[in-house]
Amino acid sequence: MTRLITLTTDFGHKGPFVAVMKGAIVQRAPDVRIIDLTHEIHVHWPAEAGFWLGKAYRYFPAGTIHIAVVDPGVGTERDIIVVDFDGHIFVAPNNGLLPTMFETAADLKAWRLSERWRAGRDWPQPSRTFHGRDIFAPLAADLATGAIRPADIGPPVDELIPSLLEDPLVANGLIHGTVVTIDHFGNLITNIDQRLLDGWVAPEVSVAGHHFDLRETYGSTTPGDFLALINSFGVVEIARAEGSAADSLGLGRSAPVTIRDRATPPIRKS
Amino acid sequence: MTRLITLTTDFGHKGPFVAVMKGAIVQRAPDVRIIDLTHEIHVHWPAEAGFWLGKAYRYFPAGTIHIAVVDPGVGTERDIIVVDFDGHIFVAPNNGLLPTMFETAADLKAWRLSERWRAGRDWPQPSRTFHGRDIFAPLAADLATGAIRPADIGPPVDELIPSLLEDPLVANGLIHGTVVTIDHFGNLITNIDQRLLDGWVAPEVSVAGHHFDLRETYGSTTPGDFLALINSFGVVEIARAEGSAADSLGLGRSAPVTIRDRATPPIRKS
Amino acid sequence: MTRLITLTTDFGHKGPFVAVMKGAIVQRAPDVRIIDLTHEIHVHWPAEAGFWLGKAYRYFPAGTIHIAVVDPGVGTERDIIVVDFDGHIFVAPNNGLLPTMFETAADLKAWRLSERWRAGRDWPQPSRTFHGRDIFAPLAADLATGAIRPADIGPPVDELIPSLLEDPLVANGLIHGTVVTIDHFGNLITNIDQRLLDGWVAPEVSVAGHHFDLRETYGSTTPGDFLALINSFGVVEIARAEGSAADSLGLGRSAPVTIRDRATPPIRKS
């Protein structure tokens, strides 16, 4: 069976950085299929990579190996880990990149790459600044071919470094979340999962003094209108129909977003 | 035989949107080859996708399945169609995306996806905002494996929604066309097919008060010179040798372009 | 055995230009694997393509065919060549694109595509402006399947057009190099190879009046600090930890970079 590897980085598309990772993979795993998840993670912000991986991994076949390299600490003391979760394998630096949901997942196993074990492999001598090519790629390739198993790489890890992205705060009938990322259309994508709205009657989404009702889809408004919706990855998103909410509102990553239920007045201190 | 699927969208490269379409495809069609046609169609402008598909499809092997998702009406009443044309299969929303030449093609067959038929398939429950992943991908994958045939998906379609891009107007010895898109070099690419110039002696291309003769290729002028030429897809293009015509002229998508034959004075009303 | 082809161009990601090259390849070589090296070479600057190819090719399996199309002279008299070097095959215009190291390589062989031989192949009639699709693609595909060998295409070439990129000048204890390209992080990547620093004690890297010591990796400084380092491709790079050196210093391609050894005062004329 052909194994699948996905790649998530903040390398962009200039230069051969992503390409040489692929070269290093196919040198050891000639039959593997490689799919680019995205290479436009906001530079040096691992949390966005974890956010997207947490939303996207389930659309790939079980057994897929997901490499994520957003790694400002490359070449310093941070660990490289392999995580086995929900039938998928994740290879990433242990730097707060991985999704928040991994922190509390019951059925998750993780191992830390032992430097000594690595040094004994027939992998190239790693550079100090490009572990994506020199360590993550051969590691994932060897996992893909079955040459090694996750537990081979080093000691188990009991606690992951917590995600750099905090979960929304729910208090006094309000949800306080944040814009995690902006997509190509200028939609503001938040960390507020639809499950937090279970049982809500009339959610009103507020950002920077603007208030939006939840709609079903972009086309259910007039072009130019703003709207909030539950997007296709199950989180609250603020959009402008056939326009860019980010440009129009002048908002970006980490803007605070609040949701209240119009049918339930917020709890006030007496 | 490995089937080929191409992808054309306005999703850009941020986030995992294209990637999860690929994941959804390979879940059902593990052996298919996927080639990105482009993901930088001008957002929300289906006509550019159809323009490029009409020019590019013939460079792929017969039997290729071309998915195009530029779909501002996603989740509303617009249809999803499968078109069989010239040995290729096209999967797209019926929203004016498909090439103008499809409107008059004699040997074209099209079918509309029946919502009831779809609901009976073992496909995931679709979201309201991402049919590329939830409908187009499994549909194309099942066509690629031969699990379904185009005629299975629903009733035949007699008339496609006309392309949002109009064909050039030819009148009084003049051709009136338009800039469809700008490429990465800043070349202005028009909808004026070279066949409209058959028999012309000395075509002069005009845009925004500038007039250019037709040349053979970029290198046949001095760097910095403007030129018009028949490009490699058989349409008139306005370029600047080793420069950007779009930036230099301050022109973009939908700029009007006129061509006259210097050897034939335009017909004037008496 | 599946052969590998890499693609390096200045086409960007708009329009189907890269895609139709891939279509033209797989029409003739259905089993080949294609990896995008990069399509964001600075437009019309062949030397950057050669620089990256020279650094990146060794990360791909022996026998890989590397197509490079940065070709402002397309359709004019420039030659198309096939180069056999270090177990890899390179297909490129003979326009100064190929790496400087090819000029002096002892074990390099090159052949020039004969127009007459090409005209006798079952390849499509080439356009004047897109040889990537019409010549480079079928040529590389036929090399990949073994249908042709490099020596079949035409006469041997004794001398390549020299790279448009000059090697650094070493004089009076100083190295004078240049910024070749900027990566996605804004790092300034120079043409100064680490071998030029062999035996140096305390190299000081200077650019535009700024002076930087060489560090090991980005994380060995405080975020915001500037640094110079030997990067993962073995050349000197000027970076800003978790920031963009290019934006912060206002510098770009072709900025002069000088290195002196603090332990060795520069030679002065008496």
# chains A, B, ... in the order shown; residues from 1 in each chain; ligands from 1

$ closest_atom_pairs --of "chain B" --to "chain A" --cutoff "10 Å" --atoms "only C-alpha atoms" --output "tab-separated table"
residue	atom	partner	partner_atom	distance
B:Asp10	CA	A:His184	CA	8.3
B:Phe11	CA	A:His184	CA	6.1
B:Gly12	CA	A:His184	CA	5.6
B:His13	CA	A:Thr38	CA	6.4
B:Lys14	CA	A:Glu40	CA	5.3
B:Gly15	CA	A:Thr38	CA	5.7
B:Pro16	CA	A:Leu37	CA	5.1
B:Phe17	CA	A:Leu37	CA	8.1
B:Val18	CA	A:Leu37	CA	7.7
B:Ala19	CA	A:Leu37	CA	5.0
B:Val20	CA	A:Tyr59	CA	5.7
B:Met21	CA	A:Tyr59	CA	8.1
B:Lys22	CA	A:Ile35	CA	7.6
B:Gly23	CA	A:Phe60	CA	4.5
B:Ala24	CA	A:Tyr59	CA	5.8
B:Ile25	CA	A:Phe60	CA	9.0
B:Val26	CA	A:Pro61	CA	7.8
B:Gln27	CA	A:Pro61	CA	5.6
B:Arg28	CA	A:Pro61	CA	9.3
B:Pro30	CA	A:Thr2	CA	8.2
B:Asp31	CA	A:Thr2	CA	8.8
B:Arg33	CA	A:Arg33	CA	9.8
B:Ile34	CA	A:Ile35	CA	9.8
B:Glu40	CA	A:His184	CA	9.5
B:Val43	CA	A:Phe185	CA	7.0
B:His44	CA	A:Glu242	CA	6.3
B:Trp45	CA	A:Glu242	CA	9.5
B:Asp71	CA	A:Gly219	CA	9.5
B:Pro72	CA	A:Gly219	CA	6.5
B:Gly73	CA	A:Gly219	CA	4.9
B:Val74	CA	A:Gly219	CA	6.6
B:Gly75	CA	A:Thr217	CA	6.1
B:Thr76	CA	A:Gly219	CA	6.1
B:Glu77	CA	A:Gly219	CA	9.3
B:Pro126	CA	A:Ser232	CA	8.8
B:Ser127	CA	A:Ser232	CA	5.6
B:Arg128	CA	A:Thr217	CA	5.9
B:Thr129	CA	A:Ser232	CA	5.8
B:Phe130	CA	A:Ser232	CA	5.8
B:His131	CA	A:Ser232	CA	9.1
B:Arg133	CA	A:Tyr59	CA	8.9
B:Asp134	CA	A:Ser232	CA	9.4

$ residues_around --residues "region 105-117 of chain C" --least-positions-apart "3" --cutoff "10 Å" --atoms "only C-alpha atoms" --output "VMD selection string"
chain C and resid 79 to 87 89 to 91 93 to 94 100 to 102 120 to 121 135 139 150 to 160

$ select_by_dssp --residues "region 102-219 of chain C" --states "alpha helix (DSSP H)" --output "NGL selection string"
:C and (115-119 or 131 or 137-145)

$ atom_distance --atom1 "CA of Glu204 (chain C)" --atom2 "CA of Leu174 (chain C)"
10.1 Å

$ closest_residue --among "A:Arg195, A:Arg215, A:His66, A:His210" --to "His88 (chain A)" --atoms "only C-alpha atoms"
A:His66
